[in-house]
Amino acid sequence: MKMLENKNVIITGASRGIGKGIAQVFAQHGANVAFTYNSSVQPAQDLEDELTQLGVKAKAYKSDASNFDQAQDFVSEVIKDFGSIDVVINNAGITKDNLLMRMTEEDFNKVIQVNLNSVFNMTKAVLRPMLKQRAGSIINISSVVGVKGNAGQANYAASKAGVIGFSKSTALELGSRNIRCNVVAPGFIETEMTAKLDEKTVDGWRQAIPLKRGGTTEDVANACLYLASDLSTYVTGQTLNVDGGMLT
Ligand code: NAP
C-alpha cells in the first residue's frame with residue numbers, strides 16, 4: 001500500500017545519507033519530493049532523476065538551510081512548482097566535533113546555525129501555507145546525542161536538544177490548527193560515511209547496541225513515513241528514538 005500518495009513533501013539535505021534514504025522511501029510511497037542540498041550538485045541531480053523515474057514529481061533545489069532568506073525563497077519556489085506542502089522533514093545537519101577545551105566559538109555557532117536555526121527558518125517558511133490549509137506534518141531529525149549528550153559533541157548535542165524543545169513548542173502552538181510536529185532521534189546509522197571507518201571500531205559500536213547492529217537509512221525513513229502519513233494523525237510533540245535500543 002502506498003502511504004503518501006499525492007502528498008507534497010519537503011526534505012532538507014537529501015543529496016546523501018539519511019535524507020536521501022527518506023526521499024527514496026517517500027517516493028516509493030507515492031510522495032512528490034522537493035529536496036535541498038548545499039554543495040553536492042551531481043548527487044542531487046542523480047537523485048532527482050531516480051525519484052522521477054518512480055513516477056512522482058521530484059526536484060532538487062540548492063538552498064543553504066542555515067540562511068533564513070534562502071529558506072523563505074525556497075519554500076516560495078516549491079509552492080510555485082508543487083502547489084502545496086503537506087510534510088516537511090528538517091534533516092540537514094553537520095558535526096564539528098571537538099572537546100570543549102579545543103572547540104572554537106566559530107565551530108559552536110556554525111553547528112547551531114545549520115542544525116537548529118535551519119529548523120526555525122523552515123518552520124517559519126511553511127507556517128502560512130500550512131495554517132491556511134489547516135493541515136501539516138513537520139518532522140525534525142534530532143539525535144540520541146540530543147537526548148543523552150556526548151563528550152566531544154557539546155555543540156552538536158546542544159543543537160539537537162534544541163530541536164526537541166523547539167518541536168515540542170511548535171506542537172503546542174500549532175496543534176489547534178491540525179499541524180503536527182514530531183522528532184525522530186536516530187542512533188548510530190550506517191551510511192557511506194561510516195563505511196569508510198575502521199571495521200573493528202564500527203563492530204565494537206554495533207555490539208554495544210541491544211539489537212546488535214547499526215541502523216540503516218531505511219530504518220529512519222520508515223519512522224518518518226509513519227509520522228508523515230495518516231497513520232499518526234493523533235501523534236504530536238513526540239520524540240521517536242530509532243536507535244536499536246541504545247537509550248533503553
Ligand atoms: P550526511 O550524510 O552528512 O548528509 C547531510 C546532508 O545535509 C547532505 O545532503 C548535505 O548536503 C546536507 N546539508 C549539510 N549542510 C547543509 C546546509 N547548510 N544546507 C542544506 N543542506 C545541508 O548526514 P547524515 O548522516 O545523513 O545525517 C542527516 C541528519 O541525521 C543530520 O541532521 C544528522 O545530525 C542526523 N543524524 C545522523 C546520524 C547518523 O548516524 N548518521 C545519527 C543521528 C542523527 P551536501 O551533500 O550538499 O553537503
# chains A, B, ... in the order shown; residues from 1 in each chain; ligands from 1

call {"tool": "residues_near_ligand", "arguments": {"ligand": "ligand 1", "cutoff": "6 Å", "atoms": "only C-alpha atoms and all ligand atoms", "output": "list in words"}}
result
Thr12, Gly13, Ala14, Ser15, Arg16, Gly17, Ile18, Gly19, Thr36, Tyr37, Asn38, Ser39, Ser40, Ser63, Asp64, Ala65, Ser66, Asn91, Ala92, Gly93, Ile94, Val114, Ile141, Ser142, Ser143, Pro186, Gly187, Phe188 and Ile189 of chain A

call {"tool": "write_last_selection", "arguments": {"atoms": "N, CA and C atoms", "output": "mmCIF file, in the first residue's frame"}}
result
data_model
loop_
_atom_site.group_PDB
_atom_site.id
_atom_site.type_symbol
_atom_site.label_atom_id
_atom_site.label_comp_id
_atom_site.auth_asym_id
_atom_site.auth_seq_id
_atom_site.Cartn_x
_atom_site.Cartn_y
_atom_site.Cartn_z
ATOM 1 N N THR A 12 15.016 18.571 3.674
ATOM 2 C CA THR A 12 16.261 19.338 3.573
ATOM 3 C C THR A 12 17.447 18.380 3.657
ATOM 4 N N GLY A 13 18.477 18.676 2.859
ATOM 5 C CA GLY A 13 19.697 17.867 2.895
ATOM 6 C C GLY A 13 19.474 16.431 2.467
ATOM 7 N N ALA A 14 19.016 16.254 1.209
ATOM 8 C CA ALA A 14 18.714 14.886 0.759
ATOM 9 C C ALA A 14 19.672 14.397 -0.325
ATOM 10 N N SER A 15 20.787 15.095 -0.539
ATOM 11 C CA SER A 15 21.707 14.663 -1.592
ATOM 12 C C SER A 15 22.460 13.382 -1.218
ATOM 13 N N ARG A 16 22.483 13.062 0.079
ATOM 14 C CA ARG A 16 23.154 11.825 0.512
ATOM 15 C C ARG A 16 22.637 11.427 1.889
ATOM 16 N N GLY A 17 23.125 10.266 2.366
ATOM 17 C CA GLY A 17 22.837 9.833 3.740
ATOM 18 C C GLY A 17 21.368 9.609 4.039
ATOM 19 N N ILE A 18 20.977 10.001 5.243
ATOM 20 C CA ILE A 18 19.624 9.742 5.744
ATOM 21 C C ILE A 18 18.569 10.479 4.908
ATOM 22 N N GLY A 19 18.835 11.725 4.546
ATOM 23 C CA GLY A 19 17.866 12.494 3.756
ATOM 24 C C GLY A 19 17.555 11.805 2.439
ATOM 25 N N THR A 36 16.423 19.739 -0.782
ATOM 26 C CA THR A 36 17.542 20.675 -0.886
ATOM 27 C C THR A 36 18.877 19.960 -0.741
ATOM 28 N N TYR A 37 19.913 20.674 -1.164
ATOM 29 C CA TYR A 37 21.288 20.256 -0.927
ATOM 30 C C TYR A 37 22.095 21.526 -0.751
ATOM 31 N N ASN A 38 23.327 21.366 -0.285
ATOM 32 C CA ASN A 38 24.162 22.542 -0.054
ATOM 33 C C ASN A 38 25.225 22.687 -1.127
ATOM 34 N N SER A 39 25.950 21.571 -1.402
ATOM 35 C CA SER A 39 27.043 21.652 -2.382
ATOM 36 C C SER A 39 27.115 20.465 -3.343
ATOM 37 N N SER A 40 26.428 19.364 -3.027
ATOM 38 C CA SER A 40 26.542 18.152 -3.862
ATOM 39 C C SER A 40 25.639 18.232 -5.095
ATOM 40 N N SER A 63 19.889 25.185 -1.628
ATOM 41 C CA SER A 63 19.432 26.157 -0.629
ATOM 42 C C SER A 63 20.133 25.874 0.699
ATOM 43 N N ASP A 64 20.787 26.892 1.219
ATOM 44 C CA ASP A 64 21.504 26.739 2.482
ATOM 45 C C ASP A 64 20.501 26.819 3.635
ATOM 46 N N ALA A 65 20.313 25.698 4.323
ATOM 47 C CA ALA A 65 19.291 25.611 5.374
ATOM 48 C C ALA A 65 19.541 26.599 6.513
ATOM 49 N N SER A 66 20.783 27.005 6.695
ATOM 50 C CA SER A 66 21.099 27.900 7.819
ATOM 51 C C SER A 66 20.801 29.367 7.493
ATOM 52 N N ASN A 91 16.064 17.752 7.933
ATOM 53 C CA ASN A 91 17.099 16.726 8.098
ATOM 54 C C ASN A 91 18.520 17.269 7.984
ATOM 55 N N ALA A 92 18.703 18.372 7.256
ATOM 56 C CA ALA A 92 20.059 18.892 7.016
ATOM 57 C C ALA A 92 20.793 19.076 8.339
ATOM 58 N N GLY A 93 22.020 18.587 8.394
ATOM 59 C CA GLY A 93 22.774 18.724 9.641
ATOM 60 C C GLY A 93 24.252 18.474 9.428
ATOM 61 N N ILE A 94 25.060 19.026 10.344
ATOM 62 C CA ILE A 94 26.508 18.839 10.278
ATOM 63 C C ILE A 94 27.058 18.563 11.680
ATOM 64 N N VAL A 114 23.393 25.637 11.444
ATOM 65 C CA VAL A 114 22.967 24.651 10.437
ATOM 66 C C VAL A 114 21.938 23.674 11.027
ATOM 67 N N ILE A 141 14.686 16.055 12.483
ATOM 68 C CA ILE A 141 15.652 14.992 12.795
ATOM 69 C C ILE A 141 16.615 15.496 13.865
ATOM 70 N N SER A 142 16.539 14.873 15.025
ATOM 71 C CA SER A 142 17.466 15.176 16.120
ATOM 72 C C SER A 142 18.499 14.061 16.169
ATOM 73 N N SER A 143 18.810 13.564 17.357
ATOM 74 C CA SER A 143 19.809 12.503 17.511
ATOM 75 C C SER A 143 19.736 11.981 18.935
ATOM 76 N N PRO A 186 17.673 9.505 15.607
ATOM 77 C CA PRO A 186 18.410 8.298 15.212
ATOM 78 C C PRO A 186 19.599 8.042 16.144
ATOM 79 N N GLY A 187 19.940 6.762 16.237
ATOM 80 C CA GLY A 187 21.161 6.378 16.970
ATOM 81 C C GLY A 187 22.308 6.312 15.984
ATOM 82 N N PHE A 188 23.015 5.170 15.963
ATOM 83 C CA PHE A 188 24.131 5.008 15.031
ATOM 84 C C PHE A 188 23.604 4.455 13.712
ATOM 85 N N ILE A 189 23.600 5.311 12.687
ATOM 86 C CA ILE A 189 23.076 4.912 11.375
ATOM 87 C C ILE A 189 24.253 4.736 10.418
#

call {"tool": "residues_around", "arguments": {"residues": "Lys57 of chain A", "least_positions_apart": "2", "cutoff": "10 Å", "atoms": "only C-alpha atoms", "output": "PyMOL selection string"}}
result
chain A and resi 6+8+27+30-34+48-49+51-55+59+81-82

call {"tool": "write_last_selection", "arguments": {"atoms": "C-alpha atoms", "output": "PDB file, in the first residue's frame"}}
result
ATOM      1  CA  ASN A   6      -0.232  12.773  -3.829  1.00  0.00           C
ATOM      2  CA  ASN A   8       3.938  17.066  -1.371  1.00  0.00           C
ATOM      3  CA  ALA A  27       8.818   8.444  -3.408  1.00  0.00           C
ATOM      4  CA  GLY A  30       3.839   7.973  -3.913  1.00  0.00           C
ATOM      5  CA  ALA A  31       5.050  11.272  -2.416  1.00  0.00           C
ATOM      6  CA  ASN A  32       6.195  14.182  -4.591  1.00  0.00           C
ATOM      7  CA  VAL A  33       9.549  15.290  -3.218  1.00  0.00           C
ATOM      8  CA  ALA A  34      11.130  18.753  -3.179  1.00  0.00           C
ATOM      9  CA  GLU A  48      16.045  13.920  -8.807  1.00  0.00           C
ATOM     10  CA  ASP A  49      16.278  11.629 -11.865  1.00  0.00           C
ATOM     11  CA  LEU A  51      12.850   9.687  -7.955  1.00  0.00           C
ATOM     12  CA  THR A  52      11.225  10.970 -11.140  1.00  0.00           C
ATOM     13  CA  GLN A  53      11.632   7.507 -12.643  1.00  0.00           C
ATOM     14  CA  LEU A  54       9.401   6.189  -9.847  1.00  0.00           C
ATOM     15  CA  GLY A  55       6.543   8.207 -11.375  1.00  0.00           C
ATOM     16  CA  LYS A  59      13.023  18.457  -7.803  1.00  0.00           C
ATOM     17  CA  ASP A  81       6.322  24.279  -8.559  1.00  0.00           C
ATOM     18  CA  PHE A  82       4.257  21.837  -6.452  1.00  0.00           C
TER      19      PHE A  82
END

call {"tool": "closest_residue", "arguments": {"among": "A:Val111, A:Met1, A:Val184, A:Val41", "to": "Ile139 of chain A", "atoms": "only C-alpha atoms"}}
result
A:Val184

call {"tool": "select_by_dssp", "arguments": {"residues": "segment 44-236 of chain A", "states": "strand (DSSP E or B)", "output": "PyMOL selection string"}}
result
chain A and resi 58-62+87-90+136-141+179-186+189+215

call {"tool": "closest_residue", "arguments": {"among": "A:Asn140, A:Gln28, A:Ala223, A:Gly237", "to": "Ser169 of chain A", "atoms": "only C-alpha atoms"}}
result
A:Gly237

call {"tool": "closest_residue", "arguments": {"among": "A:Ala195, A:Ser137, A:Val147, A:Arg213", "to": "Thr236 of chain A", "atoms": "only C-alpha atoms"}}
result
A:Ser137

call {"tool": "select_by_dssp", "arguments": {"residues": "segment 71-216 of chain A", "states": "helix (DSSP H, G or I)", "output": "VMD selection string"}}
result
chain A and resid 71 to 82 105 to 133 144 to 148 154 to 177 192 to 195 199 to 207

call {"tool": "closest_residue", "arguments": {"among": "A:Ala58, A:Ala185, A:Ile85, A:Val25", "to": "Gln133 of chain A", "atoms": "only C-alpha atoms"}}
result
A:Ile85

call {"tool": "closest_residue", "arguments": {"among": "A:Lys124, A:Arg180, A:Glu190, A:Glu50", "to": "Asp203 of chain A", "atoms": "only C-alpha atoms"}}
result
A:Glu190

call {"tool": "closest_atom_pairs", "arguments": {"of": "segment 59-169 of chain A", "to": "segment 226-230 of chain A", "cutoff": "9 Å", "atoms": "only C-alpha atoms", "output": "JSON lines"}}
result
{"residue": "A:Asp86", "atom": "CA", "partner": "A:Ala228", "partner_atom": "CA", "distance": 8.5}
{"residue": "A:Val87", "atom": "CA", "partner": "A:Ala228", "partner_atom": "CA", "distance": 6.3}
{"residue": "A:Val88", "atom": "CA", "partner": "A:Ala228", "partner_atom": "CA", "distance": 8.4}
{"residue": "A:Ile89", "atom": "CA", "partner": "A:Ala228", "partner_atom": "CA", "distance": 8.8}
{"residue": "A:Gly136", "atom": "CA", "partner": "A:Ala228", "partner_atom": "CA", "distance": 8.7}
{"residue": "A:Ser137", "atom": "CA", "partner": "A:Ala228", "partner_atom": "CA", "distance": 5.9}
{"residue": "A:Ile138", "atom": "CA", "partner": "A:Ala228", "partner_atom": "CA", "distance": 7.7}
{"residue": "A:Ile139", "atom": "CA", "partner": "A:Leu227", "partner_atom": "CA", "distance": 7.2}

call {"tool": "closest_residue", "arguments": {"among": "A:Asn109, A:Val242, A:Ser176, A:Gly149", "to": "Ala221 of chain A", "atoms": "only C-alpha atoms"}}
result
A:Val242
